[in-house]
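Dumped coords-v1.pdb below, it's PDB, N, CA and C atoms and all ligand atoms:
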```pdb
ATOM      1  N   MET K   1     147.139  73.817 129.467
ATOM      2  CA  MET K   1     146.771  73.923 128.055
ATOM      3  C   MET K   1     146.940  75.362 127.588
ATOM      4  N   ASP K   2     147.504  75.556 126.412
ATOM      5  CA  ASP K   2     147.674  76.941 125.978
ATOM      6  C   ASP K   2     146.341  77.502 125.489
ATOM      7  N   GLU K   3     146.299  78.831 125.474
ATOM      8  CA  GLU K   3     145.047  79.534 125.205
ATOM      9  C   GLU K   3     144.489  79.214 123.820
ATOM     10  N   ARG K   4     145.392  79.082 122.862
ATOM     11  CA  ARG K   4     144.946  78.839 121.490
ATOM     12  C   ARG K   4     144.280  77.472 121.359
ATOM     13  N   THR K   5     144.920  76.451 121.950
ATOM     14  CA  THR K   5     144.359  75.098 121.906
ATOM     15  C   THR K   5     142.966  75.082 122.529
ATOM     16  N   GLU K   6     142.824  75.793 123.631
ATOM     17  CA  GLU K   6     141.544  75.833 124.316
ATOM     18  C   GLU K   6     140.489  76.572 123.486
ATOM     19  N   ARG K   7     140.896  77.674 122.885
ATOM     20  CA  ARG K   7     139.948  78.462 122.074
ATOM     21  C   ARG K   7     139.448  77.635 120.890
ATOM     22  N   ILE K   8     140.372  76.959 120.210
ATOM     23  CA  ILE K   8     139.995  76.107 119.071
ATOM     24  C   ILE K   8     139.027  75.016 119.540
ATOM     25  N   GLY K   9     139.392  74.373 120.665
ATOM     26  CA  GLY K   9     138.578  73.278 121.183
ATOM     27  C   GLY K   9     137.179  73.720 121.573
ATOM     28  N   ARG K  10     137.096  74.865 122.226
ATOM     29  CA  ARG K  10     135.784  75.360 122.653
ATOM     30  C   ARG K  10     134.936  75.765 121.464
ATOM     31  N   ASN K  11     135.576  76.308 120.453
ATOM     32  CA  ASN K  11     134.840  76.705 119.264
ATOM     33  C   ASN K  11     134.264  75.485 118.543
ATOM     34  N   GLU K  12     135.068  74.457 118.411
ATOM     35  CA  GLU K  12     134.586  73.240 117.754
ATOM     36  C   GLU K  12     133.427  72.624 118.536
ATOM     37  N   ASP K  13     133.541  72.670 119.851
ATOM     38  CA  ASP K  13     132.470  72.133 120.695
ATOM     39  C   ASP K  13     131.180  72.936 120.528
ATOM     40  N   LEU K  14     131.327  74.258 120.396
ATOM     41  CA  LEU K  14     130.158  75.113 120.201
ATOM     42  C   LEU K  14     129.402  74.703 118.937
ATOM     43  N   PHE K  15     130.134  74.505 117.850
ATOM     44  CA  PHE K  15     129.486  74.113 116.596
ATOM     45  C   PHE K  15     128.894  72.703 116.700
ATOM     46  N   ARG K  16     129.563  71.851 117.442
ATOM     47  CA  ARG K  16     129.011  70.505 117.654
ATOM     48  C   ARG K  16     127.642  70.598 118.326
ATOM     49  N   LYS K  17     127.524  71.479 119.323
ATOM     50  CA  LYS K  17     126.257  71.613 120.048
ATOM     51  C   LYS K  17     125.161  72.205 119.150
ATOM     52  N   VAL K  18     125.556  73.165 118.323
ATOM     53  CA  VAL K  18     124.586  73.733 117.374
ATOM     54  C   VAL K  18     124.123  72.641 116.403
ATOM     55  N   ASN K  19     125.065  71.860 115.915
ATOM     56  CA  ASN K  19     124.717  70.815 114.949
ATOM     57  C   ASN K  19     123.856  69.719 115.573
ATOM     58  N   ASP K  20     124.072  69.455 116.838
ATOM     59  CA  ASP K  20     123.215  68.492 117.535
ATOM     60  C   ASP K  20     121.777  68.995 117.587
ATOM     61  N   GLN K  21     121.629  70.317 117.760
ATOM     62  CA  GLN K  21     120.293  70.918 117.734
ATOM     63  C   GLN K  21     119.665  70.744 116.354
ATOM     64  N   ILE K  22     120.457  70.995 115.326
ATOM     65  CA  ILE K  22     119.976  70.843 113.946
ATOM     66  C   ILE K  22     119.520  69.404 113.721
ATOM     67  N   GLU K  23     120.300  68.482 114.211
ATOM     68  CA  GLU K  23     119.950  67.072 114.046
ATOM     69  C   GLU K  23     118.649  66.761 114.781
ATOM     70  N   GLY K  24     118.489  67.335 115.980
ATOM     71  CA  GLY K  24     117.279  67.115 116.761
ATOM     72  C   GLY K  24     116.039  67.646 116.054
ATOM     73  N   VAL K  25     116.170  68.832 115.467
ATOM     74  CA  VAL K  25     115.062  69.432 114.738
ATOM     75  C   VAL K  25     114.731  68.584 113.511
ATOM     76  N   ASN K  26     115.766  68.192 112.831
ATOM     77  CA  ASN K  26     115.637  67.322 111.659
ATOM     78  C   ASN K  26     114.823  66.074 111.980
ATOM     79  N   GLU K  27     115.173  65.494 113.110
ATOM     80  CA  GLU K  27     114.532  64.265 113.547
ATOM     81  C   GLU K  27     113.065  64.519 113.887
ATOM     82  N   ALA K  28     112.814  65.651 114.563
ATOM     83  CA  ALA K  28     111.462  65.985 114.975
ATOM     84  C   ALA K  28     110.524  66.140 113.782
ATOM     85  N   PHE K  29     111.038  66.707 112.695
ATOM     86  CA  PHE K  29     110.200  66.922 111.521
ATOM     87  C   PHE K  29     110.204  65.736 110.571
ATOM     88  N   GLY K  30     111.109  64.822 110.778
ATOM     89  CA  GLY K  30     111.186  63.643 109.918
ATOM     90  C   GLY K  30     111.734  64.007 108.555
ATOM     91  N   THR K  31     112.925  63.590 108.281
ATOM     92  CA  THR K  31     113.528  63.978 107.009
ATOM     93  C   THR K  31     113.029  63.089 105.886
ATOM     94  N   ILE K  32     112.848  63.682 104.734
ATOM     95  CA  ILE K  32     112.402  62.937 103.558
ATOM     96  C   ILE K  32     113.627  62.433 102.795
ATOM     97  N   THR K  33     114.619  63.289 102.681
ATOM     98  CA  THR K  33     115.775  62.948 101.861
ATOM     99  C   THR K  33     116.858  62.225 102.646
ATOM    100  N   GLY K  34     116.836  62.354 103.976
ATOM    101  CA  GLY K  34     117.881  61.713 104.765
ATOM    102  C   GLY K  34     119.185  62.480 104.792
ATOM    103  N   THR K  35     119.164  63.726 104.275
ATOM    104  CA  THR K  35     120.370  64.547 104.366
ATOM    105  C   THR K  35     120.092  65.761 105.240
ATOM    106  N   MET K  36     121.138  66.351 105.722
ATOM    107  CA  MET K  36     120.997  67.549 106.548
ATOM    108  C   MET K  36     122.183  68.470 106.313
ATOM    109  N   SER K  37     121.985  69.750 106.628
ATOM    110  CA  SER K  37     123.063  70.730 106.516
ATOM    111  C   SER K  37     123.518  71.100 107.910
ATOM    112  N   ILE K  38     124.796  70.954 108.151
ATOM    113  CA  ILE K  38     125.352  71.356 109.441
ATOM    114  C   ILE K  38     126.350  72.482 109.215
ATOM    115  N   LEU K  39     126.762  73.085 110.302
ATOM    116  CA  LEU K  39     127.798  74.113 110.205
ATOM    117  C   LEU K  39     129.160  73.445 110.282
ATOM    118  N   CYS K  40     130.107  73.997 109.547
ATOM    119  CA  CYS K  40     131.490  73.523 109.617
ATOM    120  C   CYS K  40     131.950  73.598 111.072
ATOM    121  N   GLU K  41     132.546  72.517 111.542
ATOM    122  CA  GLU K  41     132.947  72.441 112.963
ATOM    123  C   GLU K  41     134.423  72.761 113.165
ATOM    124  N   CYS K  42     134.971  73.601 112.317
ATOM    125  CA  CYS K  42     136.394  73.920 112.450
ATOM    126  C   CYS K  42     136.622  74.896 113.606
ATOM    127  N   GLY K  43     137.885  75.124 113.913
ATOM    128  CA  GLY K  43     138.238  75.924 115.078
ATOM    129  C   GLY K  43     138.181  77.421 114.873
ATOM    130  N   THR K  44     137.704  77.849 113.703
ATOM    131  CA  THR K  44     137.658  79.279 113.419
ATOM    132  C   THR K  44     136.270  79.829 113.694
ATOM    133  N   LEU K  45     136.175  80.734 114.644
ATOM    134  CA  LEU K  45     134.879  81.253 115.070
ATOM    135  C   LEU K  45     134.151  81.964 113.935
ATOM    136  N   GLU K  46     134.896  82.593 113.032
ATOM    137  CA  GLU K  46     134.294  83.373 111.956
ATOM    138  C   GLU K  46     133.723  82.499 110.854
ATOM    139  N   CYS K  47     134.061  81.216 110.854
ATOM    140  CA  CYS K  47     133.636  80.334 109.760
ATOM    141  C   CYS K  47     132.148  80.056 109.863
ATOM    142  N   ILE K  48     131.418  80.320 108.780
ATOM    143  CA  ILE K  48     129.979  80.042 108.772
ATOM    144  C   ILE K  48     129.620  79.139 107.585
ATOM    145  N   GLU K  49     130.594  78.394 107.102
ATOM    146  CA  GLU K  49     130.316  77.523 105.965
ATOM    147  C   GLU K  49     129.475  76.329 106.400
ATOM    148  N   GLN K  50     128.733  75.795 105.449
ATOM    149  CA  GLN K  50     127.867  74.664 105.748
ATOM    150  C   GLN K  50     128.350  73.406 105.049
ATOM    151  N   ILE K  51     127.986  72.283 105.631
ATOM    152  CA  ILE K  51     128.336  70.981 105.078
ATOM    153  C   ILE K  51     127.041  70.180 104.944
ATOM    154  N   ASP K  52     126.828  69.585 103.779
ATOM    155  CA  ASP K  52     125.685  68.695 103.596
ATOM    156  C   ASP K  52     126.159  67.265 103.777
ATOM    157  N   LEU K  53     125.457  66.536 104.613
ATOM    158  CA  LEU K  53     125.799  65.129 104.791
ATOM    159  C   LEU K  53     124.532  64.362 105.137
ATOM    160  N   THR K  54     124.610  63.052 105.084
ATOM    161  CA  THR K  54     123.414  62.276 105.409
ATOM    162  C   THR K  54     123.283  62.192 106.925
ATOM    163  N   VAL K  55     122.066  61.935 107.367
ATOM    164  CA  VAL K  55     121.819  61.807 108.797
ATOM    165  C   VAL K  55     122.677  60.671 109.373
ATOM    166  N   ASP K  56     122.795  59.596 108.602
ATOM    167  CA  ASP K  56     123.624  58.468 109.048
ATOM    168  C   ASP K  56     125.092  58.867 109.202
ATOM    169  N   GLU K  57     125.586  59.652 108.248
ATOM    170  CA  GLU K  57     126.977  60.115 108.349
ATOM    171  C   GLU K  57     127.165  60.979 109.589
ATOM    172  N   TYR K  58     126.166  61.814 109.866
ATOM    173  CA  TYR K  58     126.255  62.671 111.036
ATOM    174  C   TYR K  58     126.276  61.844 112.316
ATOM    175  N   ARG K  59     125.394  60.873 112.395
ATOM    176  CA  ARG K  59     125.337  60.040 113.606
ATOM    177  C   ARG K  59     126.614  59.250 113.806
ATOM    178  N   GLU K  60     127.179  58.783 112.715
ATOM    179  CA  GLU K  60     128.447  58.055 112.754
ATOM    180  C   GLU K  60     129.552  58.971 113.305
ATOM    181  N   LEU K  61     129.556  60.208 112.827
ATOM    182  CA  LEU K  61     130.534  61.194 113.277
ATOM    183  C   LEU K  61     130.462  61.387 114.789
ATOM    184  N   ARG K  62     129.245  61.463 115.312
ATOM    185  CA  ARG K  62     129.034  61.766 116.728
ATOM    186  C   ARG K  62     129.277  60.582 117.676
ATOM    187  N   THR K  63     129.589  59.413 117.104
ATOM    188  CA  THR K  63     129.842  58.271 117.983
ATOM    189  C   THR K  63     131.156  58.435 118.737
ATOM    190  N   GLU K  64     132.021  59.326 118.253
ATOM    191  CA  GLU K  64     133.289  59.583 118.943
ATOM    192  C   GLU K  64     133.403  61.057 119.273
ATOM    193  N   PRO K  65     133.558  61.382 120.554
ATOM    194  CA  PRO K  65     133.570  62.798 120.955
ATOM    195  C   PRO K  65     134.784  63.584 120.462
ATOM    196  N   THR K  66     135.785  62.899 119.955
ATOM    197  CA  THR K  66     136.976  63.608 119.489
ATOM    198  C   THR K  66     136.960  63.844 117.979
ATOM    199  N   ARG K  67     135.833  63.519 117.326
ATOM    200  CA  ARG K  67     135.743  63.709 115.871
ATOM    201  C   ARG K  67     134.851  64.885 115.511
ATOM    202  N   PHE K  68     135.289  65.633 114.499
ATOM    203  CA  PHE K  68     134.537  66.792 114.032
ATOM    204  C   PHE K  68     134.541  66.814 112.516
ATOM    205  N   ALA K  69     133.488  67.410 111.927
ATOM    206  CA  ALA K  69     133.396  67.534 110.470
ATOM    207  C   ALA K  69     133.777  68.951 110.066
ATOM    208  N   VAL K  70     134.716  69.073 109.149
ATOM    209  CA  VAL K  70     135.140  70.396 108.685
ATOM    210  C   VAL K  70     135.214  70.418 107.166
ATOM    211  N   ARG K  71     135.108  71.611 106.598
ATOM    212  CA  ARG K  71     135.300  71.767 105.160
ATOM    213  C   ARG K  71     136.762  71.465 104.849
ATOM    214  N   PRO K  72     137.005  70.826 103.688
ATOM    215  CA  PRO K  72     138.402  70.558 103.315
ATOM    216  C   PRO K  72     139.231  71.842 103.380
ATOM    217  N   GLY K  73     140.372  71.772 104.035
ATOM    218  CA  GLY K  73     141.237  72.943 104.179
ATOM    219  C   GLY K  73     141.038  73.669 105.499
ATOM    220  N   HIS K  74     139.969  73.347 106.220
ATOM    221  CA  HIS K  74     139.709  74.007 107.502
ATOM    222  C   HIS K  74     140.324  73.259 108.684
ATOM    223  N   GLU K  75     140.977  72.150 108.408
ATOM    224  CA  GLU K  75     141.625  71.403 109.488
ATOM    225  C   GLU K  75     142.816  72.196 110.022
ATOM    226  N   ILE K  76     143.116  71.991 111.310
ATOM    227  CA  ILE K  76     144.235  72.692 111.945
ATOM    228  C   ILE K  76     145.231  71.620 112.388
ATOM    229  N   PRO K  77     146.247  71.366 111.544
ATOM    230  CA  PRO K  77     147.100  70.176 111.686
ATOM    231  C   PRO K  77     147.786  69.978 113.037
ATOM    232  N   ASP K  78     148.079  71.039 113.777
ATOM    233  CA  ASP K  78     148.787  70.806 115.040
ATOM    234  C   ASP K  78     147.885  70.370 116.180
ATOM    235  N   VAL K  79     146.567  70.466 116.020
ATOM    236  CA  VAL K  79     145.672  70.005 117.094
ATOM    237  C   VAL K  79     144.728  68.876 116.671
ATOM    238  N   GLU K  80     144.754  68.530 115.391
ATOM    239  CA  GLU K  80     143.864  67.476 114.898
ATOM    240  C   GLU K  80     144.422  66.893 113.606
ATOM    241  N   ARG K  81     143.963  65.648 113.284
ATOM    242  CA  ARG K  81     144.414  65.077 112.023
ATOM    243  C   ARG K  81     143.216  64.542 111.244
ATOM    244  N   ILE K  82     143.373  64.500 109.936
ATOM    245  CA  ILE K  82     142.288  64.049 109.067
ATOM    246  C   ILE K  82     142.203  62.525 109.118
ATOM    247  N   VAL K  83     141.021  62.003 109.426
ATOM    248  CA  VAL K  83     140.847  60.551 109.468
ATOM    249  C   VAL K  83     139.915  60.039 108.367
ATOM    250  N   GLU K  84     139.095  60.930 107.796
ATOM    251  CA  GLU K  84     138.234  60.553 106.668
ATOM    252  C   GLU K  84     138.164  61.717 105.699
ATOM    253  N   ARG K  85     138.233  61.387 104.412
ATOM    254  CA  ARG K  85     138.091  62.430 103.401
ATOM    255  C   ARG K  85     136.864  62.145 102.556
ATOM    256  N   HIS K  86     135.848  62.986 102.694
ATOM    257  CA  HIS K  86     134.665  62.897 101.847
ATOM    258  C   HIS K  86     134.757  64.027 100.840
ATOM    259  N   GLU K  87     133.912  63.964  99.823
ATOM    260  CA  GLU K  87     133.980  64.974  98.777
ATOM    261  C   GLU K  87     133.730  66.378  99.330
ATOM    262  N   ARG K  88     132.741  66.494 100.213
ATOM    263  CA  ARG K  88     132.341  67.813 100.689
ATOM    264  C   ARG K  88     132.918  68.189 102.049
ATOM    265  N   TYR K  89     133.459  67.212 102.751
ATOM    266  CA  TYR K  89     134.003  67.514 104.077
ATOM    267  C   TYR K  89     135.038  66.484 104.503
ATOM    268  N   PHE K  90     135.838  66.869 105.459
ATOM    269  CA  PHE K  90     136.798  65.957 106.074
ATOM    270  C   PHE K  90     136.351  65.696 107.512
ATOM    271  N   VAL K  91     136.654  64.505 108.005
ATOM    272  CA  VAL K  91     136.467  64.237 109.427
ATOM    273  C   VAL K  91     137.841  64.340 110.071
ATOM    274  N   VAL K  92     137.940  65.181 111.094
ATOM    275  CA  VAL K  92     139.204  65.310 111.816
ATOM    276  C   VAL K  92     139.048  64.707 113.206
ATOM    277  N   LYS K  93     140.157  64.217 113.714
ATOM    278  CA  LYS K  93     140.173  63.653 115.059
ATOM    279  C   LYS K  93     141.161  64.474 115.868
ATOM    280  N   LYS K  94     140.736  64.905 117.043
ATOM    281  CA  LYS K  94     141.593  65.746 117.865
ATOM    282  C   LYS K  94     142.857  64.988 118.280
ATOM    283  N   ALA K  95     143.959  65.694 118.333
ATOM    284  CA  ALA K  95     145.234  65.090 118.706
ATOM    285  C   ALA K  95     145.176  64.537 120.125
ATOM    286  N   GLU K  96     145.915  63.467 120.339
ATOM    287  CA  GLU K  96     146.019  62.864 121.675
ATOM    288  C   GLU K  96     146.469  63.921 122.672
ATOM    289  N   GLY K  97     146.098  63.737 123.931
ATOM    290  CA  GLY K  97     146.532  64.678 124.956
ATOM    291  C   GLY K  97     145.476  65.752 125.177
ATOM    292  N   GLU K  98     145.905  66.966 125.375
ATOM    293  CA  GLU K  98     144.985  68.033 125.757
ATOM    294  C   GLU K  98     143.860  68.300 124.752
ATOM    295  N   PRO K  99     144.162  68.380 123.443
ATOM    296  CA  PRO K  99     143.051  68.638 122.515
ATOM    297  C   PRO K  99     141.957  67.554 122.602
ATOM    298  N   ALA K 100     142.344  66.294 122.668
ATOM    299  CA  ALA K 100     141.356  65.205 122.739
ATOM    300  C   ALA K 100     140.610  65.236 124.066
ATOM    301  N   ARG K 101     141.357  65.499 125.145
ATOM    302  CA  ARG K 101     140.725  65.519 126.457
ATOM    303  C   ARG K 101     139.677  66.628 126.568
ATOM    304  N   LEU K 102     140.003  67.772 126.032
ATOM    305  CA  LEU K 102     139.063  68.890 126.078
ATOM    306  C   LEU K 102     137.780  68.536 125.317
ATOM    307  N   ALA K 103     137.942  67.929 124.137
ATOM    308  CA  ALA K 103     136.763  67.552 123.319
ATOM    309  C   ALA K 103     135.892  66.554 124.081
ATOM    310  N   GLU K 104     136.520  65.656 124.816
ATOM    311  CA  GLU K 104     135.762  64.668 125.594
ATOM    312  C   GLU K 104     135.082  65.326 126.793
ATOM    313  N   ASP K 105     135.796  66.218 127.460
ATOM    314  CA  ASP K 105     135.233  66.884 128.639
ATOM    315  C   ASP K 105     134.021  67.740 128.290
ATOM    316  N   LEU K 106     134.077  68.381 127.132
ATOM    317  CA  LEU K 106     132.999  69.292 126.744
ATOM    318  C   LEU K 106     131.797  68.569 126.166
ATOM    319  N   ALA K 107     132.006  67.364 125.680
ATOM    320  CA  ALA K 107     130.925  66.624 124.992
ATOM    321  C   ALA K 107     129.775  66.296 125.941
TER     322      ALA K 107
HETATM  323 ZN    ZN A   1     135.282  75.994 108.851
END
```

The structure in this file should be written as structure tokens.
Amino acid sequence: MDERTERIGRNEDLFRKVNDQIEGVNEAFGTITGTMSILCECGTLECIEQIDLTVDEYRELRTEPTRFAVRPGHEIPDVERIVERHERYFVVKKAEGEPARLAEDLA
């Protein structure tokens, strides 16, 4: 696997783990509105943008280890493709082969 693919993959996984923590905290306190703010899960380490989505949308996203939520325009077409377009975020799915395998291994 080339270094760039790995760096992107590891970065997305890092944000996934942070967002899982956010979801856990959310759950512990019991949400009133049913929405939560997560960090953009794109492959850019410097990105600190947030995405608001419902808890259900988040859980749906996490049912597949190769899916990540990113701000529109933050997708990286050679390692992932857009599978859902929401108003505030896109769901990307890691490309078959090494990018997908890495996302599964790290999950
Ligand atoms: Zn981003």

Chain and number of each residue from the PyMOL selection byres (((not hetatm) and name CA) within 8 of (chain A and resi 1)), as a VMD selection string
chain K and resid 39 to 44 47 to 49 70 to 71 74 to 75

Which neighbours of Leu102 (chain K) fall inside 12 Å, counting only C-alpha atoms, when residues of the same chain fewer than 2 positions from it are skipped, and could you give them as a list in words?
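That gives Met1, Asp2, Thr5, Glu6, Arg7, Ile8, Gly9, Arg10, Asn11, Glu12, Asp13, Pro65, Thr66, Arg67, Val79, Lys94, Ala95, Glu96, Gly97, Glu98, Pro99, Ala100, Glu104, Asp105, Leu106 and Ala107 of chain K.
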
The centre and edge lengths of an axis-aligned box containing all atoms of region 65-69 of chain K present in the file, extended by 5 Å on each side, are to be given in Å to one decimal, as JSON.
```
{"center_x": 135.2, "center_y": 65.2, "center_z": 115.5, "size_x": 13.6, "size_y": 17.6, "size_z": 20.9}
```

Suppose a student applies the PyMOL selection byres (((chain K and resi 53) around 7) and not hetatm) to this structure; what residues should they get, written as a PyMOL selection string?
chain K and resi 34-38+51-52+54-58

Just how far from atom N of Phe15 (chain K) is atom C of Glu60 (chain K), in Å to one decimal?
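A separation of 16.2 Å between them.
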
Which residues in chain K does DSSP call alpha helix (DSSP H)? List them as a PyMOL selection string.
chain K and resi 3-29+55-61+98-106

Suppose you want the space between CA of Phe29 (chain K) and atom N of Gln50 (chain K); what is it in Å?
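Those two atoms sit 21.4 Å apart.
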
Can you work out the spacing between atom C of Arg4 (chain K) and atom C of Glu87 (chain K) in Å, to one decimal?
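According to the coordinates, atom C of Arg4 (chain K) and atom C of Glu87 (chain K) are separated by 26.8 Å.
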
Region 2-96 of chain K: which residues are strand (DSSP E) by DSSP, as a list in words?
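Of region 2-96 of chain K, the ones in strand (DSSP E) are Thr35, Met36, Ser37, Ile38, Leu39, Gln50, Ile51, Asp52, Leu53, Thr54, Arg67, Phe68, Ala69, Val70, Glu80, Arg81, Ile82, Val83, Glu84, Arg85, Phe90, Val91, Val92, Lys93 and Lys94 of chain K.
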